[in-house]
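Trainee: Can you read through this structure? Questions will come right after.
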Amino acid sequence: MISPGAIATELSEEQFKYEATRKNLREFMKMANPQGKRNLAKSDRLRIEQPVQVEVDEMVIRPTVQDF
């Protein structure tokens, strides 16, 4: 299981109904400096390249300032 934190995607903030939610999202994304899809792919590559006797069950990947 790979649990990514904040990731910069093409999803737009317009999908959220309330302006307060959109504002909070904008502020969080500025603070978190979210990782791009490339960083997530690098992490997955690390998992895949492990020797056959190594199993990676879980990965939690998030920006260092994200505490949840």
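Just remember, in the structure tokens the first chain shown is A, the second B, etc., residues are 1-based per chain, and ligands are 1-based in the order shown.
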Name the residues of chain A that come out as strand (DSSP E or B) in a backbone DSSP run; write them as a PyMOL selection string.
Mentor: chain A and resi 2-4+7+35+59-61
Trainee: Keeping only C-alpha atoms, write those residues as a compact mmCIF listing (two decimals), in the first residue's frame.
Mentor:
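Here's the written file part-v2.txt:
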```
# COMPACT_ATOMS: atom_id res chain seq x y z
CA ILE A 2 1.32 3.42 -0.91
CA SER A 3 -0.19 6.33 1.01
CA PRO A 4 0.81 9.60 -0.59
CA ILE A 7 0.62 15.77 -4.26
CA GLN A 35 5.60 16.69 -4.03
CA MET A 59 4.88 3.38 2.26
CA VAL A 60 3.69 6.70 3.63
CA ILE A 61 5.08 9.50 1.53
```
Trainee: In Å, with one decimal, what is the gap from CA of Ala41 (chain A) to CA of Asp57 (chain A)?
Mentor: 16.5 Å
Trainee: By how many Å are CA of Lys37 (chain A) and CA of Lys23 (chain A) apart?
Mentor: 23.0 Å
Trainee: When distances are computed from only C-alpha atoms, which of A:Met1, A:Glu19, A:Leu25, A:Ser43 shows the smallest separation from Arg62 (chain A)?
Mentor: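 The answer is A:Ser43, which sits nearest to Arg62 (chain A).
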Trainee: When DSSP works through the backbone of this structure, what residues of chain A end up as helix (DSSP H, G or I), shown as a tab-separated table (two decimals) with N, CA and C atoms, in the first residue's frame?
Mentor:
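result17.tsv, freshly written:
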```tsv
chain	number	residue	atom	x	y	z
A	13	GLU	N	-9.22	23.45	-7.70
A	13	GLU	CA	-9.93	23.76	-6.47
A	13	GLU	C	-11.41	24.04	-6.71
A	14	GLU	N	-11.79	24.22	-7.97
A	14	GLU	CA	-13.20	24.48	-8.28
A	14	GLU	C	-14.12	23.30	-7.93
A	15	GLN	N	-13.52	22.14	-7.71
A	15	GLN	CA	-14.34	20.99	-7.35
A	15	GLN	C	-14.92	21.10	-5.95
A	19	GLU	N	-16.02	28.34	-0.61
A	19	GLU	CA	-14.84	29.17	-0.80
A	19	GLU	C	-13.85	28.99	0.34
A	20	ALA	N	-14.34	28.82	1.55
A	20	ALA	CA	-13.44	28.63	2.70
A	20	ALA	C	-12.58	27.38	2.51
A	21	THR	N	-13.17	26.34	1.98
A	21	THR	CA	-12.42	25.10	1.71
A	21	THR	C	-11.37	25.35	0.64
A	22	ARG	N	-11.74	26.06	-0.42
A	22	ARG	CA	-10.78	26.36	-1.49
A	22	ARG	C	-9.63	27.21	-0.96
A	23	LYS	N	-9.95	28.19	-0.11
A	23	LYS	CA	-8.92	29.04	0.47
A	23	LYS	C	-7.97	28.23	1.35
A	24	ASN	N	-8.52	27.36	2.18
A	24	ASN	CA	-7.67	26.51	3.03
A	24	ASN	C	-6.77	25.62	2.19
A	25	LEU	N	-7.29	25.09	1.10
A	25	LEU	CA	-6.50	24.24	0.21
A	25	LEU	C	-5.36	25.04	-0.41
A	26	ARG	N	-5.64	26.24	-0.90
A	26	ARG	CA	-4.58	27.08	-1.48
A	26	ARG	C	-3.49	27.37	-0.46
A	27	GLU	N	-3.87	27.73	0.75
A	27	GLU	CA	-2.89	28.05	1.79
A	27	GLU	C	-2.06	26.82	2.15
A	28	PHE	N	-2.73	25.68	2.26
A	28	PHE	CA	-2.00	24.46	2.60
A	28	PHE	C	-1.00	24.10	1.50
A	29	MET	N	-1.42	24.18	0.25
A	29	MET	CA	-0.53	23.80	-0.85
A	29	MET	C	0.68	24.74	-0.94
A	30	LYS	N	0.50	26.01	-0.62
A	30	LYS	CA	1.65	26.94	-0.60
A	30	LYS	C	2.62	26.54	0.50
A	31	MET	N	2.09	26.19	1.67
A	31	MET	CA	2.93	25.84	2.81
A	31	MET	C	3.61	24.49	2.60
A	32	ALA	N	2.87	23.52	2.10
A	32	ALA	CA	3.38	22.15	2.01
A	32	ALA	C	4.38	21.96	0.88
A	37	LYS	N	4.37	14.33	-9.02
A	37	LYS	CA	4.17	12.92	-9.38
A	37	LYS	C	5.50	12.22	-9.58
A	38	ARG	N	6.51	12.95	-10.01
A	38	ARG	CA	7.83	12.35	-10.23
A	38	ARG	C	8.41	11.80	-8.93
A	39	ASN	N	8.25	12.55	-7.81
A	39	ASN	CA	8.76	12.06	-6.53
A	39	ASN	C	8.04	10.79	-6.10
A	40	LEU	N	6.76	10.72	-6.33
A	40	LEU	CA	6.00	9.53	-5.99
A	40	LEU	C	6.48	8.35	-6.84
A	41	ALA	N	6.73	8.59	-8.10
A	41	ALA	CA	7.23	7.53	-8.99
A	41	ALA	C	8.61	7.04	-8.54
A	42	LYS	N	9.47	7.96	-8.09
A	42	LYS	CA	10.79	7.56	-7.59
A	42	LYS	C	10.65	6.65	-6.38
A	43	SER	N	9.73	6.98	-5.49
A	43	SER	CA	9.51	6.16	-4.29
A	43	SER	C	9.02	4.78	-4.67
A	44	ASP	N	8.13	4.71	-5.64
A	44	ASP	CA	7.62	3.42	-6.07
A	44	ASP	C	8.73	2.60	-6.73
A	45	ARG	N	9.59	3.27	-7.47
A	45	ARG	CA	10.71	2.57	-8.09
A	45	ARG	C	11.62	1.95	-7.03
A	46	LEU	N	11.86	2.68	-5.94
A	46	LEU	CA	12.66	2.15	-4.84
A	46	LEU	C	12.03	0.85	-4.32
A	47	ARG	N	10.72	0.85	-4.19
A	47	ARG	CA	10.01	-0.34	-3.70
A	47	ARG	C	10.18	-1.50	-4.67
A	48	ILE	N	10.01	-1.24	-5.94
A	48	ILE	CA	10.08	-2.28	-6.97
A	48	ILE	C	11.48	-2.87	-7.10
```
